[in-house]
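This report concerns only the one structure given below.
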Amino acid sequence: DAGVIQSPRHEVTEMGQEVTLRCKPISGHDYLFWYRQTMMRGLELLIYFNNNVPIDDSGMPEDRFSAKMPNASFSTLKIQPSEPRDSAVYFCASSSQDNEKLFFGSGTQLSVL
Amino acid sequence: GQSLEQPSEVTAVEGAIVQINCTYQTSGFYGLSWYQQHDGGAPTFLSYNGLDGLEETGRFSSFLSRSDSYGYLLLQELQMKDSASYFCAVKISSGSARQLTFGSGTQLTVLP
């Protein structure tokens with residue numbers, strides 16, 4: 001298994017631009033999570049899906065952030081418009097129903113200038 | 001709300017034993033996990049405690065006491081490659097929700 005796949009690995013953009021982060025979870029996993037990591041705030045849960053349905057999006061910081069999971073093998077996290085304070089590493093993770101273990105992707109390093 | 005407390009930094013020498021503590025305050029507690037993250041890398045799962053007691057996996061062990069809202073990660077026979085950040089994470093359960101909240105992490109430095 002290739003594990004959780006995220007793209008792009010790095011993204012540099014200018015303030016005001018739209019940013020789309022992509023994630024392919026491990027096949028067969030029921031849960032998909034989006035986390036953001038910064039030095040100041042650590043690892044924050046933004047949103048998670050169960051069977052493609054968003055369960056809890058209370059961690060999404062603002063309306064500028066949106067996430068979708070159109071099918072079991074693909075999810076996107078979109079920021080529109082982006083701001084410098086959105087600069088962080090964004091991780092996608094997946095897990096199965098009966099397994100406590102989260103598998104993380106390699107993350108997307110986002111820099112908003 | 002939820003809160004997790006763990007030391008920000010720990011330093012130890014190669015071959016030693018180190019214990020990283022984690023205390024938590026949360027409703028709907030379901031279990032405690034530990035993750036390791038090397039600089040520039042992704043968090044990787046180390047262990048999970050759903051019940052009180054000790055779980056052992058090779059050089060690493062994890063302990064949970066629900067009554068004390070406390071757990072720890074024990075690393076034995078430290079190696080240089082163990083230098084990393086270690087996160088405790090509480091799993092909470094509320095209705096259909098199952099989510100993991102991470103502590104701020106403990107930076108472990110292993111000295112030769």
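Quick note on naming: the chains in the structure tokens go A, B, ... in the order shown, residues restart at 1 in each chain, and ligands are numbered from 1 in order of appearance.
Contact shell of Asn71 in chain A at 10 Å (only C-alpha atoms; same-chain neighbours under 2 positions omitted): Lys24, Asn51, Asn52, Val53, Lys68, Met69, Ser73, Phe74 and Ser75 of chain A.
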> Out of chain B, which residues get strand (DSSP E or B) from DSSP, as a PyMOL selection string?
Replying inline: chain B and resi 3-5+9-13+18-25+29-37+44-49+53-57+60-65+70-75+84-94+97-102+106-111
> CA of Ser7 in chain A to CA of Ser87 in chain A: how many Å, to one decimal?
Replying inline: 15.7 Å
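For chain A, the residues within 7 Å of chain B are Gly42, Leu43, Leu45, Ile55, Glu100, Lys101, Leu102, Phe103, Phe104, Gly105, Ser106 and Gly107 of chain A, with only C-alpha atoms used to measure distance.
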Same residues, all heavy atoms, saved as a tab-separated table (two decimals), in the first residue's frame:
```tsv
chain	number	residue	atom	x	y	z
A	42	GLY	N	0.47	24.04	17.33
A	42	GLY	CA	0.63	22.58	17.30
A	42	GLY	C	-0.22	21.95	16.22
A	42	GLY	O	-0.50	22.55	15.18
A	43	LEU	N	-0.66	20.72	16.48
A	43	LEU	CA	-1.48	19.96	15.55
A	43	LEU	C	-2.95	20.21	15.86
A	43	LEU	O	-3.45	19.82	16.90
A	43	LEU	CB	-1.19	18.47	15.68
A	43	LEU	CG	-0.18	17.85	14.75
A	43	LEU	CD1	0.22	16.48	15.24
A	43	LEU	CD2	-0.71	17.76	13.33
A	45	LEU	N	-6.95	19.77	14.66
A	45	LEU	CA	-7.90	19.08	13.80
A	45	LEU	C	-8.81	20.11	13.15
A	45	LEU	O	-9.45	20.91	13.82
A	45	LEU	CB	-8.74	18.09	14.60
A	45	LEU	CG	-9.84	17.36	13.83
A	45	LEU	CD1	-9.25	16.45	12.76
A	45	LEU	CD2	-10.71	16.54	14.79
A	55	ILE	N	-18.16	14.98	9.51
A	55	ILE	CA	-18.73	14.72	10.84
A	55	ILE	C	-18.57	15.93	11.75
A	55	ILE	O	-19.48	16.30	12.47
A	55	ILE	CB	-18.09	13.48	11.47
A	55	ILE	CG1	-18.30	12.25	10.60
A	55	ILE	CG2	-18.65	13.26	12.89
A	55	ILE	CD1	-19.75	11.88	10.35
A	100	GLU	N	-7.33	2.00	15.95
A	100	GLU	CA	-7.08	3.29	16.59
A	100	GLU	C	-5.94	4.06	15.94
A	100	GLU	O	-5.68	5.20	16.32
A	100	GLU	CB	-6.76	3.06	18.07
A	100	GLU	CG	-7.81	2.30	18.84
A	100	GLU	CD	-9.17	2.98	18.78
A	100	GLU	OE1	-9.21	4.21	18.56
A	100	GLU	OE2	-10.19	2.29	18.93
A	101	LYS	N	-5.29	3.47	15.01
A	101	LYS	CA	-4.08	4.05	14.44
A	101	LYS	C	-4.42	4.99	13.29
A	101	LYS	O	-5.15	4.61	12.37
A	101	LYS	CB	-3.20	2.92	13.94
A	101	LYS	CG	-1.88	3.29	13.34
A	101	LYS	CD	-1.11	2.00	13.00
A	101	LYS	CE	0.20	2.29	12.32
A	101	LYS	NZ	0.95	1.02	12.03
A	102	LEU	N	-3.91	6.23	13.36
A	102	LEU	CA	-4.03	7.16	12.26
A	102	LEU	C	-2.79	7.07	11.40
A	102	LEU	O	-1.67	7.06	11.91
A	102	LEU	CB	-4.15	8.60	12.79
A	102	LEU	CG	-5.52	9.27	12.70
A	102	LEU	CD1	-6.51	8.53	13.57
A	102	LEU	CD2	-5.43	10.73	13.11
A	103	PHE	N	-3.00	7.02	10.10
A	103	PHE	CA	-1.91	7.04	9.14
A	103	PHE	C	-1.88	8.43	8.51
A	103	PHE	O	-2.86	8.84	7.89
A	103	PHE	CB	-2.12	5.98	8.06
A	103	PHE	CG	-2.07	4.57	8.58
A	103	PHE	CD1	-3.16	4.00	9.20
A	103	PHE	CD2	-0.91	3.81	8.42
A	103	PHE	CE1	-3.12	2.68	9.68
A	103	PHE	CE2	-0.86	2.50	8.88
A	103	PHE	CZ	-1.96	1.94	9.51
A	104	PHE	N	-0.74	9.10	8.67
A	104	PHE	CA	-0.61	10.46	8.15
A	104	PHE	C	0.08	10.46	6.79
A	104	PHE	O	1.00	9.67	6.54
A	104	PHE	CB	0.22	11.32	9.11
A	104	PHE	CG	-0.55	11.81	10.30
A	104	PHE	CD1	-0.77	10.98	11.40
A	104	PHE	CD2	-1.06	13.09	10.34
A	104	PHE	CE1	-1.48	11.42	12.51
A	104	PHE	CE2	-1.77	13.55	11.45
A	104	PHE	CZ	-1.97	12.71	12.53
A	105	GLY	N	-0.34	11.40	5.95
A	105	GLY	CA	0.40	11.67	4.73
A	105	GLY	C	1.63	12.49	5.04
A	105	GLY	O	1.87	12.88	6.19
A	106	SER	N	2.41	12.76	4.02
A	106	SER	CA	3.67	13.50	4.20
A	106	SER	C	3.45	14.99	4.44
A	106	SER	O	4.39	15.70	4.80
A	106	SER	CB	4.55	13.32	2.96
A	106	SER	OG	4.87	11.96	2.79
A	107	GLY	N	2.23	15.46	4.23
A	107	GLY	CA	1.91	16.85	4.50
A	107	GLY	C	2.16	17.76	3.32
A	107	GLY	O	2.91	17.44	2.38
```
>> So that I can check the surroundings of Val110 in chain B, please list as a ChimeraX atom specification every protein, DNA and RNA residue that reaches within 12 Å of it, counting only C-alpha atoms and ignoring chain neighbours fewer than 2 positions away.
In response: /B:9-18,75-85,107-108,112
Would you write out those residues with C-alpha atoms, as a PDB file, in the first residue's frame?
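Saved the output as again_32.pdb:
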```pdb
ATOM      1  CA  GLU B   9      11.476  19.281  26.193  1.00  0.00           C
ATOM      2  CA  VAL B  10      13.329  16.255  27.533  1.00  0.00           C
ATOM      3  CA  THR B  11      17.016  15.438  27.148  1.00  0.00           C
ATOM      4  CA  ALA B  12      18.645  12.075  27.802  1.00  0.00           C
ATOM      5  CA  VAL B  13      21.752  10.145  26.799  1.00  0.00           C
ATOM      6  CA  GLU B  14      22.037   7.179  24.523  1.00  0.00           C
ATOM      7  CA  GLY B  15      21.175   3.922  26.258  1.00  0.00           C
ATOM      8  CA  ALA B  16      19.161   5.596  28.994  1.00  0.00           C
ATOM      9  CA  ILE B  17      15.462   5.323  29.827  1.00  0.00           C
ATOM     10  CA  VAL B  18      13.141   8.309  29.527  1.00  0.00           C
ATOM     11  CA  LEU B  75      11.406   4.752  25.936  1.00  0.00           C
ATOM     12  CA  GLN B  76      14.140   2.287  26.851  1.00  0.00           C
ATOM     13  CA  GLU B  77      17.647   1.775  25.485  1.00  0.00           C
ATOM     14  CA  LEU B  78      17.540   5.184  23.861  1.00  0.00           C
ATOM     15  CA  GLN B  79      19.108   5.556  20.447  1.00  0.00           C
ATOM     16  CA  MET B  80      20.110   8.677  18.558  1.00  0.00           C
ATOM     17  CA  LYS B  81      17.317   8.047  16.068  1.00  0.00           C
ATOM     18  CA  ASP B  82      14.788   8.452  18.902  1.00  0.00           C
ATOM     19  CA  SER B  83      15.439  12.206  18.867  1.00  0.00           C
ATOM     20  CA  ALA B  84      12.074  13.520  17.753  1.00  0.00           C
ATOM     21  CA  SER B  85       8.874  15.107  19.016  1.00  0.00           C
ATOM     22  CA  GLN B 107      10.902  17.439  21.994  1.00  0.00           C
ATOM     23  CA  LEU B 108      13.235  14.578  22.955  1.00  0.00           C
ATOM     24  CA  PRO B 112      25.732  10.584  22.578  1.00  0.00           C
TER      25      PRO B 112
END
```
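Counting only C-alpha atoms, the residue from B:Thr106, B:Gln2, B:Ser61, B:Ser69 that sits nearest to Ile20 in chain B is B:Thr106.
When the distance limit is 9 Å and only C-alpha atoms are what count, the residues near Gly53 in chain B, minus those fewer than 6 positions from it on the same chain, are Ser62, Phe63, Leu64 and Ser65 of chain B.
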For N, CA and C atoms, I'd like the residues from the last selection saved as a tab-separated table (two decimals), in the first residue's frame.
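The result, stored in out_35.tsv:
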```
chain	number	residue	atom	x	y	z
B	62	SER	N	3.70	2.15	26.86
B	62	SER	CA	2.81	3.25	27.20
B	62	SER	C	1.88	2.80	28.31
B	63	PHE	N	1.55	3.74	29.18
B	63	PHE	CA	0.75	3.45	30.36
B	63	PHE	C	-0.41	4.41	30.44
B	64	LEU	N	-1.53	3.92	30.96
B	64	LEU	CA	-2.70	4.77	31.15
B	64	LEU	C	-3.33	4.50	32.51
B	65	SER	N	-3.71	5.58	33.19
B	65	SER	CA	-4.53	5.50	34.39
B	65	SER	C	-5.72	6.43	34.19
```
With a distance cut-off of 12 Å and only C-alpha atoms, select the neighbouring residues of Arg85 in chain A, excluding the residue or stretch itself and same-chain residues fewer than 2 positions from it, and output the selection as a PDB file with N, CA, C and O atoms, in the first residue's frame.
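After the write, out-v2.pdb holds the following:
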```pdb
ATOM      1  N   GLU A  14       0.593  33.677  -3.277  1.00  0.00           N
ATOM      2  CA  GLU A  14       0.463  35.046  -2.788  1.00  0.00           C
ATOM      3  C   GLU A  14      -0.882  35.235  -2.096  1.00  0.00           C
ATOM      4  O   GLU A  14      -1.883  34.598  -2.447  1.00  0.00           O
ATOM      5  N   MET A  15      -0.873  36.117  -1.148  1.00  0.00           N
ATOM      6  CA  MET A  15      -2.082  36.441  -0.415  1.00  0.00           C
ATOM      7  C   MET A  15      -3.227  36.743  -1.391  1.00  0.00           C
ATOM      8  O   MET A  15      -3.036  37.431  -2.400  1.00  0.00           O
ATOM      9  N   GLY A  16      -4.392  36.174  -1.081  1.00  0.00           N
ATOM     10  CA  GLY A  16      -5.552  36.410  -1.922  1.00  0.00           C
ATOM     11  C   GLY A  16      -5.811  35.324  -2.940  1.00  0.00           C
ATOM     12  O   GLY A  16      -6.920  35.240  -3.491  1.00  0.00           O
ATOM     13  N   ARG A  36      -3.829  20.736  10.746  1.00  0.00           N
ATOM     14  CA  ARG A  36      -2.900  21.825  10.433  1.00  0.00           C
ATOM     15  C   ARG A  36      -1.871  21.887  11.565  1.00  0.00           C
ATOM     16  O   ARG A  36      -2.242  21.789  12.745  1.00  0.00           O
ATOM     17  N   THR A  38       1.326  24.150  13.204  1.00  0.00           N
ATOM     18  CA  THR A  38       2.170  25.327  13.290  1.00  0.00           C
ATOM     19  C   THR A  38       2.933  25.269  14.605  1.00  0.00           C
ATOM     20  O   THR A  38       2.562  24.531  15.524  1.00  0.00           O
ATOM     21  N   MET A  40       3.114  27.617  16.771  1.00  0.00           N
ATOM     22  CA  MET A  40       2.347  28.276  17.840  1.00  0.00           C
ATOM     23  C   MET A  40       1.184  27.425  18.327  1.00  0.00           C
ATOM     24  O   MET A  40       0.903  27.376  19.528  1.00  0.00           O
ATOM     25  N   ARG A  41       0.493  26.746  17.411  1.00  0.00           N
ATOM     26  CA  ARG A  41      -0.758  26.087  17.775  1.00  0.00           C
ATOM     27  C   ARG A  41      -0.679  24.565  17.737  1.00  0.00           C
ATOM     28  O   ARG A  41      -1.664  23.891  18.063  1.00  0.00           O
ATOM     29  N   PRO A  61     -11.078  27.107  10.647  1.00  0.00           N
ATOM     30  CA  PRO A  61     -10.927  28.423  11.277  1.00  0.00           C
ATOM     31  C   PRO A  61     -11.908  29.487  10.773  1.00  0.00           C
ATOM     32  O   PRO A  61     -12.371  30.310  11.547  1.00  0.00           O
ATOM     33  N   GLU A  62     -12.180  29.493   9.491  1.00  0.00           N
ATOM     34  CA  GLU A  62     -13.035  30.550   8.943  1.00  0.00           C
ATOM     35  C   GLU A  62     -13.753  30.032   7.707  1.00  0.00           C
ATOM     36  O   GLU A  62     -13.452  28.946   7.211  1.00  0.00           O
ATOM     37  N   ILE A  79      -8.612  26.783   0.423  1.00  0.00           N
ATOM     38  CA  ILE A  79      -8.540  28.063   1.133  1.00  0.00           C
ATOM     39  C   ILE A  79      -8.708  29.161   0.087  1.00  0.00           C
ATOM     40  O   ILE A  79      -7.940  29.253  -0.865  1.00  0.00           O
ATOM     41  N   PRO A  81     -10.089  33.358   0.051  1.00  0.00           N
ATOM     42  CA  PRO A  81      -8.719  33.673  -0.357  1.00  0.00           C
ATOM     43  C   PRO A  81      -7.709  33.321   0.732  1.00  0.00           C
ATOM     44  O   PRO A  81      -8.051  33.332   1.911  1.00  0.00           O
ATOM     45  N   SER A  82      -6.514  33.025   0.336  1.00  0.00           N
ATOM     46  CA  SER A  82      -5.487  32.667   1.314  1.00  0.00           C
ATOM     47  C   SER A  82      -4.892  33.925   1.950  1.00  0.00           C
ATOM     48  O   SER A  82      -4.887  35.013   1.354  1.00  0.00           O
ATOM     49  N   GLU A  83      -4.391  33.755   3.189  1.00  0.00           N
ATOM     50  CA  GLU A  83      -3.761  34.844   3.920  1.00  0.00           C
ATOM     51  C   GLU A  83      -2.435  34.339   4.500  1.00  0.00           C
ATOM     52  O   GLU A  83      -2.276  33.125   4.719  1.00  0.00           O
ATOM     53  N   SER A  87      -0.224  30.093   6.570  1.00  0.00           N
ATOM     54  CA  SER A  87       1.028  29.362   6.358  1.00  0.00           C
ATOM     55  C   SER A  87       1.211  28.331   7.455  1.00  0.00           C
ATOM     56  O   SER A  87       1.184  28.654   8.654  1.00  0.00           O
ATOM     57  N   ALA A  88       1.400  27.093   7.040  1.00  0.00           N
ATOM     58  CA  ALA A  88       1.468  25.974   7.994  1.00  0.00           C
ATOM     59  C   ALA A  88       1.748  24.707   7.199  1.00  0.00           C
ATOM     60  O   ALA A  88       1.809  24.725   5.968  1.00  0.00           O
ATOM     61  N   VAL A  89       1.905  23.603   7.923  1.00  0.00           N
ATOM     62  CA  VAL A  89       1.924  22.291   7.274  1.00  0.00           C
ATOM     63  C   VAL A  89       0.544  21.677   7.470  1.00  0.00           C
ATOM     64  O   VAL A  89       0.035  21.606   8.587  1.00  0.00           O
ATOM     65  N   LEU A 110       2.579  24.819   3.235  1.00  0.00           N
ATOM     66  CA  LEU A 110       1.970  25.964   2.565  1.00  0.00           C
ATOM     67  C   LEU A 110       2.598  27.263   3.068  1.00  0.00           C
ATOM     68  O   LEU A 110       2.666  27.506   4.276  1.00  0.00           O
ATOM     69  N   SER A 111       3.041  28.068   2.123  1.00  0.00           N
ATOM     70  CA  SER A 111       3.558  29.392   2.449  1.00  0.00           C
ATOM     71  C   SER A 111       2.748  30.419   1.670  1.00  0.00           C
ATOM     72  O   SER A 111       2.700  30.365   0.435  1.00  0.00           O
ATOM     73  N   VAL A 112       2.125  31.324   2.387  1.00  0.00           N
ATOM     74  CA  VAL A 112       1.344  32.389   1.754  1.00  0.00           C
ATOM     75  C   VAL A 112       2.092  33.702   1.979  1.00  0.00           C
ATOM     76  O   VAL A 112       2.300  34.129   3.110  1.00  0.00           O
ATOM     77  N   LEU A 113       2.517  34.302   0.883  1.00  0.00           N
ATOM     78  CA  LEU A 113       3.343  35.512   0.976  1.00  0.00           C
ATOM     79  C   LEU A 113       2.510  36.781   0.931  1.00  0.00           C
ATOM     80  O   LEU A 113       1.380  36.782   0.430  1.00  0.00           O
TER      81      LEU A 113
END
```
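Of note, CA of Trp34 in chain A and CA of Cys92 in chain A are spaced 4.6 Å apart.
Distances here use only C-alpha atoms; by that measure, the residue among B:Thr57, B:Asn21, B:Asp68, B:Ser3 closest to Val90 in chain B is B:Ser3.
Interatomic distance, CA of Leu74 in chain B to CA of Tyr24 in chain B: 17.4 Å.
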>> From the options A:Thr76, A:Tyr90, A:Glu11, A:Ser96, which residue's atoms come nearest to Glu44 in chain A, counting only C-alpha atoms?
In response: A:Tyr90
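Each of A:Arg22, A:Arg9, A:Lys78, A:Arg64 was checked against Ala93 in chain A using only C-alpha atoms; the smallest atom-to-atom distance is that of A:Arg22.
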